[in-house]
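Please read the structure below before turning to the comments.
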2 protein chains.
Amino acid sequence: MSENTVIRARLTALREAMKQAGIDCYMIPTADYHNSEYCAEFFRVREFFSGFTGSAGTLVVTADGAWLWADGRYFIQAQRQIEGTGITLMKMGEPGVPEIRAFLKENMRDDTCFGFDGRCVTALEGRRLSQELSEKRISVRADRDLSEGIWTERPAFPCSKVFVPDEEKYAGRTVAQKLADLRRELAFAGASFFVSSKLDEIMWLFNVRGDDVECNPVAMSNCLISGNDAFLFLQEEAVTEEVRAHLAKYGVKLMNYGSFQAFLRDFDFDGAVAYDPKELSFSLAETLRSAQCREIASPLEKMKAVKNAVEAANARSCYLEDSAMLTKFIYWLKRSAGKIPMTEYTAAMKLDGMRAQISDFMGLSFGTISAYGPNAAMMHYSADEESAAEVLPEGMLLVDSGGQYLRGTTDVTRTMSLGPVTDEMRRAYTLTAVGCLSLQNAVFLHGCTGRNLDILAREPLWRVGIDYKCGTGHGIGSFLNVHEGPQNIRWKHAADEAVMEAGMIVSDEPGVYRENEFGIRIETILLTVERETTPDGTFLAFEPLTFVPLDRELLDPQYLTQEAREQLNRYHAEVYSKLSPMLDEEERAWLEQQTMPL
Amino acid sequence: MSENTVIRARLTALREAMKQAGIDCYMIPTADYHNSEYCAEFFRVREFFSGFTGSAGTLVVTADGAWLWADGRYFIQAQRQIEGTGITLMKMGEPGVPEIRAFLKENMRDDTCFGFDGRCVTALEGRRLSQELSEKRISVRADRDLSEGIWTERPAFPCSKVFVPDEEKYAGRTVAQKLADLRRELAFAGASFFVSSKLDEIMWLFNVRGDDVECNPVAMSNCLISGNDAFLFLQEEAVTEEVRAHLAKYGVKLMNYGSFQAFLRDFDFDGAVAYDPKELSFSLAETLRSAQCREIASPLEKMKAVKNAVEAANARSCYLEDSAMLTKFIYWLKRSAGKIPMTEYTAAMKLDGMRAQISDFMGLSFGTISAYGPNAAMMHYSADEESAAEVLPEGMLLVDSGGQYLRGTTDVTRTMSLGPVTDEMRRAYTLTAVGCLSLQNAVFLHGCTGRNLDILAREPLWRVGIDYKCGTGHGIGSFLNVHEGPQNIRWKHAADEAVMEAGMIVSDEPGVYRENEFGIRIETILLTVERETTPDGTFLAFEPLTFVPLDRELLDPQYLTQEAREQLNRYHAEVYSKLSPMLDEEERAWLEQQTMPL
């Protein structure tokens, strides 16, 4: 129980710091200063104070209590890791468990002080908190990271070298062109300035990359764009001569990362400043308070999501190599299961190693999910070396994986049979395939969002009373984040709907998740393309980027409609024709059999 | 040109009245006091002052100008009817034509006065106008109907006798039960009172009907509901002993229609008053200004839309008789075209006469649309006796029609071939049929709205570059309005999305509209039903209420997917089995051939 003593001591120190800062209740979210999806070790303050190592969760501490909000993925792990710390687990989404804001409003006393590190909370969320608590005259103090002085062995602030992928070969548009596009969008929004701290947007805009966030090729950065100037804030040690020359070419003013907030505070804004309150931190937004502000959805998000011809060509090229490698892996897996010792973990290692052989491989785009049997029913299952399940020559293995290449970011899921499977598994797999193919073959009028399209993937499952409790698809970057907006494919009403545009890349990943039984997901990545323009409008369609066979042993023809069968056969013919030149003879023979018309 | 002298004289009188009332600019919309879809003659003030007889349009008059806003359906007619009146036609939706609000803001001078009859404008629209004009310090005067004293031969205020369809047989729920349901919804919305002037809602709530609005079986009325009381305002002359006894049974306080506004003004509201600003008039909402108000979507709208078992059973029954009558008409039409003189108008008269033979027929649910050849490309085409096109034994006739029965309100469209048709027509008809059948056969998780479903009807047409520029479906009342909310089937984002609930009736009416060539619409009415509840949720599906064959001569098998073919054959088998007992021998033989498997 030494771990618990450690956490208790840390919490005691935190409470002392709170007292000195006049803070009655302190919140520690899981976030960096840039609202990134993943956090570098430096930012794992919540883990430091709670012992909980999950990738998401929020800790709230008062003088006499501590509560950890964690989501369904982490109920068991979090409970185990906070045992003996005095922290209470708040199971998000469970009946009777309040959301953080409601909890604070209910439990904090009038006229007290609520604190958090305003750099780790978005402007939107920070303001909601302030507003809600203001009803009880609770003040908000957002200028303190109370781990300072307590977390003495804190890992270093991430600071990899920034680099410049060949602009013509990979970006397809120069920094000058992108800045001009952005300024046009700003004028349209009635703004003279734009502030961003969203790392993937900044990398995209300046045609640079870094390695400061796990699986995301981004560098710690901020920027301010005006009508004439572009200020890019990077850590001095991260900047190479190559970067300096590249930025100088476009007149970009290179500034020090650490000076951003002060720079904003002192800047003389002679016009409206636009920023995205869903992305910019509460601290930075507060700094802009005295300026005339326009809160907008970042124009960079959509600009980045619409891939240009160079990006699209590179995506086609790297998805094809990535597909071939995954297909080789599937062949190896099916041949090896039951013959060599194999766990979920070692299978993932094998695939990761194969992918690393691709010429411009830069890393994984997310931690490979390799889930065997009932483990695949957990959507975000992650096998570690010690606890990974053994892979046997029966049932199914679900592998969701992807790579970062200079040419692009890949993401793909296939579920493979390794031996005997049940009829129920084959039915579920086949209907998942029908849904995936139906969306992949959609034709739709420009103006549609993912909400219009989602039913195409989901209805074959709905027809038999099955639903998957997640979206059908997400956007994907070009050698950037594997999850990006603004587009997505979801059926439920949400604020963040975006019209699908030609050039957008989106995943198509229906699935069936049967708790304690099995999990199936088929994920094919699609590029949105223009199909035709008629007097009635412009019609769009999808071009698949992923070319990996569906599992013939798991396809039960009785559940295929005639249309789905034709779509499957067409896709498989294309898979074979594209991949066969990239495989050895044995693999090719197997693929030929796998992709024969059904 | 005597008509123009008349209109000019009326406008002169109006301008004099404006001057006396201190109004610089006066707006006359097309509306009654209840935001009804159709207006009784009494309310046709805009027609009186403009000469334009269309069903929609707004007239704006100043001391030296007059402008009529009309939509695309009416450009030609309106231009012709306002010739020589000095009124300028504003073609809505055309490039460069401002909307009324923008026009007023642009053209009215500062510190002037804008007027309209506040009873004919919704609270929402009235406030938008006031707000926008307040920027120029323009005052709003909404308490004057300036036609008074000018329109001396104004038709009488509509005042048909209110009646009470058998409650058990038709309503399925008593007034007491409905009031209890409504009060629960009010409590949920934090309101103690509810004010409504929406006629179909009021009729539904009190289980009465009237005949004051064309095609809508409703009576001029208002109501105020509190925790203990229900006040219903009807015209004294409209109330029979039957109505009085029915209302007395439930303790409903019967009040005089004319006293409603004064009653609201003097009422002592000891709690929040809820009303729907999209429905209640600006005048009534202003009257409630001193009370504590809650603006909500009317709970009655959704309650009314979800049909109970009695309403659903009655719908099945009257739709079947209505379907049989339309099928008989189609047989007559196909047999008679080219053999007897026939126009769009006489064909409609024939159908209307046949429908009137159904036992509990109470009238049409809207004016029958009978459109031959290119006329069918106009979605809201209306043939009049003089100008109706001749129906020849070639091409297609589109007939969109419906009846009011004590058992329910029907609506159905079929497009029929009358002789030779082109391949293009057959392709368009077949793809329309595929879309209609696809939506009809949808299975979907509870929570879906029409935005999730619309693509099912539309995609077969999108696939060949065709779109229809209207929604796919609307809700339908039970012996009430043929168009009702809150549900609808549309793909575009709009504020008025509503979750589909079991019991809702909705139309499924895709189409192809080729200007100057032809028009096709197939409309089948669907009842939303529960299909199954599984651990993943409750799944809904549709049960067709309409059983009228699709046109075999217009179905081109090459455009039918296997799935659509099966859906068609299944539907046709059901059509034959349900209708055959209701037809004579000749009709039955024809129907058998029409519905044979394809």
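Residues are named by chain letter and number: chains run A, B, ... in the order of the structure tokens, numbers start at 1 in each chain, and ligands are numbered from 1 in the order shown.
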Taking only C-alpha atoms into account, report as JSON, numbers by chain which residues of chain A lie within 7 Å of chain B. {"A": [443, 444, 445, 451, 452, 455, 459, 462, 463, 465, 466, 467, 491, 534, 536, 539, 561, 562, 563]}
Would you list the contacts of Lys302 of chain B as number ranges by chain, taking every protein, DNA or RNA residue within 10 Å and counting only C-alpha atoms, but skipping same-chain residues closer than 2 positions in sequence? B: 201, 297-300, 304-307, 484-487, 498-499, 501, 504
Residues as selected, N, CA and C atoms, written as a compact mmCIF listing (two decimals), in the first residue's frame, can you do that?
# COMPACT_ATOMS: atom_id res chain seq x y z
N GLU B 201 -55.03 22.31 -32.49
CA GLU B 201 -54.67 21.88 -31.14
C GLU B 201 -55.87 21.97 -30.19
N ALA B 297 -42.28 25.25 -27.21
CA ALA B 297 -42.98 24.60 -28.32
C ALA B 297 -44.24 24.01 -27.70
N SER B 298 -45.36 24.22 -28.32
CA SER B 298 -46.61 23.76 -27.72
C SER B 298 -46.58 22.26 -27.43
N PRO B 299 -46.84 21.86 -26.17
CA PRO B 299 -46.88 20.42 -25.86
C PRO B 299 -48.02 19.73 -26.61
N LEU B 300 -49.07 20.50 -26.93
CA LEU B 300 -50.21 19.90 -27.62
C LEU B 300 -49.83 19.40 -29.00
N LYS B 304 -50.80 15.64 -29.88
CA LYS B 304 -51.75 15.42 -30.96
C LYS B 304 -51.16 14.56 -32.08
N ALA B 305 -49.86 14.70 -32.29
CA ALA B 305 -49.21 13.99 -33.39
C ALA B 305 -49.07 12.49 -33.11
N VAL B 306 -48.97 12.14 -31.83
CA VAL B 306 -48.82 10.73 -31.47
C VAL B 306 -50.21 10.11 -31.36
N LYS B 307 -50.61 9.39 -32.40
CA LYS B 307 -51.97 8.84 -32.44
C LYS B 307 -52.11 7.69 -31.45
N GLU B 484 -49.47 18.77 -40.34
CA GLU B 484 -49.25 19.10 -38.94
C GLU B 484 -47.84 18.70 -38.53
N GLY B 485 -47.36 19.31 -37.46
CA GLY B 485 -46.05 18.97 -36.91
C GLY B 485 -46.23 18.10 -35.70
N PRO B 486 -45.19 17.92 -34.92
CA PRO B 486 -43.87 18.53 -35.10
C PRO B 486 -42.98 17.74 -36.06
N GLN B 487 -43.31 16.51 -36.37
CA GLN B 487 -42.41 15.68 -37.19
C GLN B 487 -42.49 16.06 -38.66
N ALA B 498 -38.09 16.98 -35.01
CA ALA B 498 -38.73 16.29 -33.89
C ALA B 498 -38.48 14.79 -34.00
N VAL B 499 -38.27 14.16 -32.86
CA VAL B 499 -38.02 12.72 -32.83
C VAL B 499 -39.28 11.98 -33.29
N GLU B 501 -41.97 9.27 -33.17
CA GLU B 501 -42.50 8.44 -32.09
C GLU B 501 -43.52 7.45 -32.67
N MET B 504 -46.98 8.27 -34.71
CA MET B 504 -46.99 9.42 -35.61
C MET B 504 -47.29 8.97 -37.04
Return as a VMD selection string the full set of residues in segment 192-338 of chain A whose backbone-based DSSP assignment is alpha helix (DSSP H). chain A and resid 199 to 206 241 to 249 260 to 266 282 to 287 299 to 305 309 to 336
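Shortest separation to Ala78 of chain B among B:Leu186, B:Leu568, B:Leu234, B:Met90 occurs at residue B:Met90, atoms counted being only C-alpha atoms.
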Counting only C-alpha atoms, what is within 12 Å of Phe269 of chain A, bar same-chain residues fewer than 2 positions away, as an mmCIF file with N, CA and C atoms, in the first residue's frame?
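The new file out-v3.cif reads:
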data_model
loop_
_atom_site.group_PDB
_atom_site.id
_atom_site.type_symbol
_atom_site.label_atom_id
_atom_site.label_comp_id
_atom_site.auth_asym_id
_atom_site.auth_seq_id
_atom_site.Cartn_x
_atom_site.Cartn_y
_atom_site.Cartn_z
ATOM 1 N N ALA A 191 -13.451 39.811 -39.010
ATOM 2 C CA ALA A 191 -12.354 39.879 -38.039
ATOM 3 C C ALA A 191 -11.062 40.306 -38.732
ATOM 4 N N SER A 192 -10.188 40.996 -37.972
ATOM 5 C CA SER A 192 -8.901 41.424 -38.517
ATOM 6 C C SER A 192 -7.762 40.534 -38.037
ATOM 7 N N PHE A 193 -8.015 39.807 -36.924
ATOM 8 C CA PHE A 193 -6.968 38.976 -36.331
ATOM 9 C C PHE A 193 -7.513 37.591 -36.032
ATOM 10 N N PHE A 194 -6.605 36.626 -35.998
ATOM 11 C CA PHE A 194 -7.006 35.282 -35.596
ATOM 12 C C PHE A 194 -5.948 34.718 -34.666
ATOM 13 N N VAL A 195 -6.418 34.180 -33.544
ATOM 14 C CA VAL A 195 -5.525 33.566 -32.570
ATOM 15 C C VAL A 195 -5.813 32.078 -32.527
ATOM 16 N N LEU A 224 -0.633 34.033 -34.045
ATOM 17 C CA LEU A 224 -1.505 35.195 -34.208
ATOM 18 C C LEU A 224 -1.364 35.644 -35.662
ATOM 19 N N ILE A 225 -2.501 35.739 -36.346
ATOM 20 C CA ILE A 225 -2.487 36.143 -37.756
ATOM 21 C C ILE A 225 -3.208 37.476 -37.868
ATOM 22 N N SER A 226 -2.584 38.430 -38.542
ATOM 23 C CA SER A 226 -3.268 39.688 -38.823
ATOM 24 C C SER A 226 -3.327 39.865 -40.339
ATOM 25 N N GLY A 227 -3.847 40.962 -40.770
ATOM 26 C CA GLY A 227 -3.956 41.200 -42.203
ATOM 27 C C GLY A 227 -2.610 41.197 -42.908
ATOM 28 N N PHE A 263 2.535 38.586 -25.042
ATOM 29 C CA PHE A 263 2.453 39.228 -26.351
ATOM 30 C C PHE A 263 1.008 39.615 -26.669
ATOM 31 N N LEU A 264 0.088 38.685 -26.416
ATOM 32 C CA LEU A 264 -1.340 38.961 -26.666
ATOM 33 C C LEU A 264 -1.823 40.103 -25.782
ATOM 34 N N ARG A 265 -1.388 40.061 -24.520
ATOM 35 C CA ARG A 265 -1.848 41.060 -23.559
ATOM 36 C C ARG A 265 -1.426 42.456 -23.999
ATOM 37 N N ASP A 266 -0.199 42.558 -24.529
ATOM 38 C CA ASP A 266 0.341 43.874 -24.865
ATOM 39 C C ASP A 266 0.060 44.295 -26.300
ATOM 40 N N PHE A 267 -0.494 43.395 -27.103
ATOM 41 C CA PHE A 267 -0.678 43.698 -28.523
ATOM 42 C C PHE A 267 -1.746 44.777 -28.695
ATOM 43 N N GLY A 271 -8.657 46.101 -34.407
ATOM 44 C CA GLY A 271 -9.745 45.448 -35.135
ATOM 45 C C GLY A 271 -10.186 44.234 -34.353
ATOM 46 N N ALA A 272 -11.209 43.570 -34.831
ATOM 47 C CA ALA A 272 -11.752 42.428 -34.081
ATOM 48 C C ALA A 272 -10.807 41.228 -34.134
ATOM 49 N N VAL A 273 -10.700 40.529 -33.007
ATOM 50 C CA VAL A 273 -9.871 39.323 -32.893
ATOM 51 C C VAL A 273 -10.790 38.114 -32.870
ATOM 52 N N ALA A 274 -10.578 37.197 -33.786
ATOM 53 C CA ALA A 274 -11.383 35.982 -33.805
ATOM 54 C C ALA A 274 -10.619 34.838 -33.155
ATOM 55 N N LEU A 288 -7.511 38.107 -23.868
ATOM 56 C CA LEU A 288 -8.036 38.897 -24.991
ATOM 57 C C LEU A 288 -9.251 39.732 -24.611
ATOM 58 N N ARG A 289 -9.620 39.660 -23.336
ATOM 59 C CA ARG A 289 -10.877 40.266 -22.894
ATOM 60 C C ARG A 289 -11.060 41.719 -23.290
ATOM 61 N N SER A 290 -9.972 42.476 -23.226
ATOM 62 C CA SER A 290 -10.132 43.906 -23.495
ATOM 63 C C SER A 290 -10.233 44.188 -24.993
ATOM 64 N N ALA A 291 -9.889 43.200 -25.827
ATOM 65 C CA ALA A 291 -10.019 43.401 -27.275
ATOM 66 C C ALA A 291 -11.462 43.139 -27.701
ATOM 67 N N GLN A 292 -11.759 43.573 -28.931
ATOM 68 C CA GLN A 292 -13.073 43.279 -29.493
ATOM 69 C C GLN A 292 -12.992 41.873 -30.081
ATOM 70 N N CYS A 293 -13.744 40.930 -29.517
ATOM 71 C CA CYS A 293 -13.568 39.524 -29.903
ATOM 72 C C CYS A 293 -14.713 38.998 -30.753
#
Nearby residues (only C-alpha atoms) at most 12 Å from Lys350 of chain B, same-chain spacing under 2 positions excluded, as a ChimeraX atom specification: /B:325-326,328-330,332-333,336,342-348,352-357,368,370,399,401
Hey, what's within 7 Å of Thr432 of chain A if we count only C-alpha atoms and toss same-chain stuff fewer than 6 positions away? As a PyMOL selection string, please? chain A and resi 461+510-511+522
Skip Tyr429 of chain A itself and residues of its chain fewer than 4 positions away, then list as a PyMOL selection string all residues within 9 Å of it, counting only C-alpha atoms. chain A and resi 415+424-425+433-434+511-512+520-522+551+554-556
I need the residues from that last selection saved to file as a PDB file, in the first residue's frame (with N, CA and C atoms), if you can.
ATOM      1  N   THR A 415     -11.600  -7.178 -38.623  1.00  0.00           N
ATOM      2  CA  THR A 415     -11.832  -8.220 -37.619  1.00  0.00           C
ATOM      3  C   THR A 415     -11.646  -9.551 -38.333  1.00  0.00           C
ATOM      4  N   GLU A 424     -23.781 -16.696 -35.016  1.00  0.00           N
ATOM      5  CA  GLU A 424     -24.110 -15.362 -34.535  1.00  0.00           C
ATOM      6  C   GLU A 424     -23.005 -14.364 -34.925  1.00  0.00           C
ATOM      7  N   MET A 425     -21.747 -14.812 -34.778  1.00  0.00           N
ATOM      8  CA  MET A 425     -20.621 -13.951 -35.178  1.00  0.00           C
ATOM      9  C   MET A 425     -20.666 -13.669 -36.677  1.00  0.00           C
ATOM     10  N   ALA A 433     -20.590  -5.578 -42.376  1.00  0.00           N
ATOM     11  CA  ALA A 433     -20.009  -5.371 -43.717  1.00  0.00           C
ATOM     12  C   ALA A 433     -21.018  -4.711 -44.647  1.00  0.00           C
ATOM     13  N   VAL A 434     -22.274  -5.128 -44.562  1.00  0.00           N
ATOM     14  CA  VAL A 434     -23.322  -4.548 -45.417  1.00  0.00           C
ATOM     15  C   VAL A 434     -23.437  -3.048 -45.134  1.00  0.00           C
ATOM     16  N   GLY A 511     -20.002  -1.362 -36.309  1.00  0.00           N
ATOM     17  CA  GLY A 511     -19.533  -2.501 -35.531  1.00  0.00           C
ATOM     18  C   GLY A 511     -20.631  -3.133 -34.700  1.00  0.00           C
ATOM     19  N   VAL A 512     -20.305  -4.274 -34.119  1.00  0.00           N
ATOM     20  CA  VAL A 512     -21.221  -4.948 -33.186  1.00  0.00           C
ATOM     21  C   VAL A 512     -20.408  -5.277 -31.941  1.00  0.00           C
ATOM     22  N   ILE A 520     -16.961  -6.757 -33.061  1.00  0.00           N
ATOM     23  CA  ILE A 520     -16.660  -6.696 -34.488  1.00  0.00           C
ATOM     24  C   ILE A 520     -16.637  -5.235 -34.908  1.00  0.00           C
ATOM     25  N   ARG A 521     -15.619  -4.845 -35.645  1.00  0.00           N
ATOM     26  CA  ARG A 521     -15.633  -3.519 -36.252  1.00  0.00           C
ATOM     27  C   ARG A 521     -14.973  -3.649 -37.626  1.00  0.00           C
ATOM     28  N   ILE A 522     -15.555  -3.015 -38.615  1.00  0.00           N
ATOM     29  CA  ILE A 522     -14.937  -2.950 -39.939  1.00  0.00           C
ATOM     30  C   ILE A 522     -14.792  -1.476 -40.244  1.00  0.00           C
ATOM     31  N   ASP A 551     -13.345 -10.484 -44.325  1.00  0.00           N
ATOM     32  CA  ASP A 551     -13.024 -11.870 -43.995  1.00  0.00           C
ATOM     33  C   ASP A 551     -14.050 -12.831 -44.594  1.00  0.00           C
ATOM     34  N   LEU A 554     -16.042 -15.095 -42.433  1.00  0.00           N
ATOM     35  CA  LEU A 554     -17.038 -14.453 -41.564  1.00  0.00           C
ATOM     36  C   LEU A 554     -18.237 -13.920 -42.342  1.00  0.00           C
ATOM     37  N   LEU A 555     -18.181 -13.992 -43.661  1.00  0.00           N
ATOM     38  CA  LEU A 555     -19.298 -13.492 -44.471  1.00  0.00           C
ATOM     39  C   LEU A 555     -20.303 -14.608 -44.710  1.00  0.00           C
ATOM     40  N   ASP A 556     -21.523 -14.396 -44.260  1.00  0.00           N
ATOM     41  CA  ASP A 556     -22.571 -15.392 -44.439  1.00  0.00           C
ATOM     42  C   ASP A 556     -23.526 -14.872 -45.524  1.00  0.00           C
TER      43      ASP A 556
END
Can you pull out every residue within 7 Å of segment 170-178 of chain B, counting only C-alpha atoms, but drop anything in the same chain fewer than 2 positions away, and send it as a list of chain:residue names?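 Within the cut-off, the hits are B:Pro165, B:Asp166, B:Glu167, B:Glu168, B:Ala180, B:Asp181, B:Leu182, B:Leu205, B:Phe206, B:Asn207, B:Tyr250, B:Asn308, B:Val310, B:Glu311, B:Arg407.
Taking atom CA of Arg46 of chain B and atom CA of Ile28 of chain B as the two end points, the separation is 5.6 Å.
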Given only C-alpha atoms as the counted atoms, nearest of A:Met255, A:Leu439, A:Ala142, A:Ile358 to Gln567 of chain A: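 Nearest candidate to Gln567 of chain A out of A:Met255, A:Leu439, A:Ala142, A:Ile358: A:Leu439.
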Step one, run DSSP on the backbone; step two, keep only residues of segment 143-377 of chain B assigned to strand (DSSP E or B); then write them as a PyMOL selection string. chain B and resi 143+163+193-196+209+213+216+221-225+230-234+253-256+273-275+281+293-295+306+337+340+343+361-364+369-372
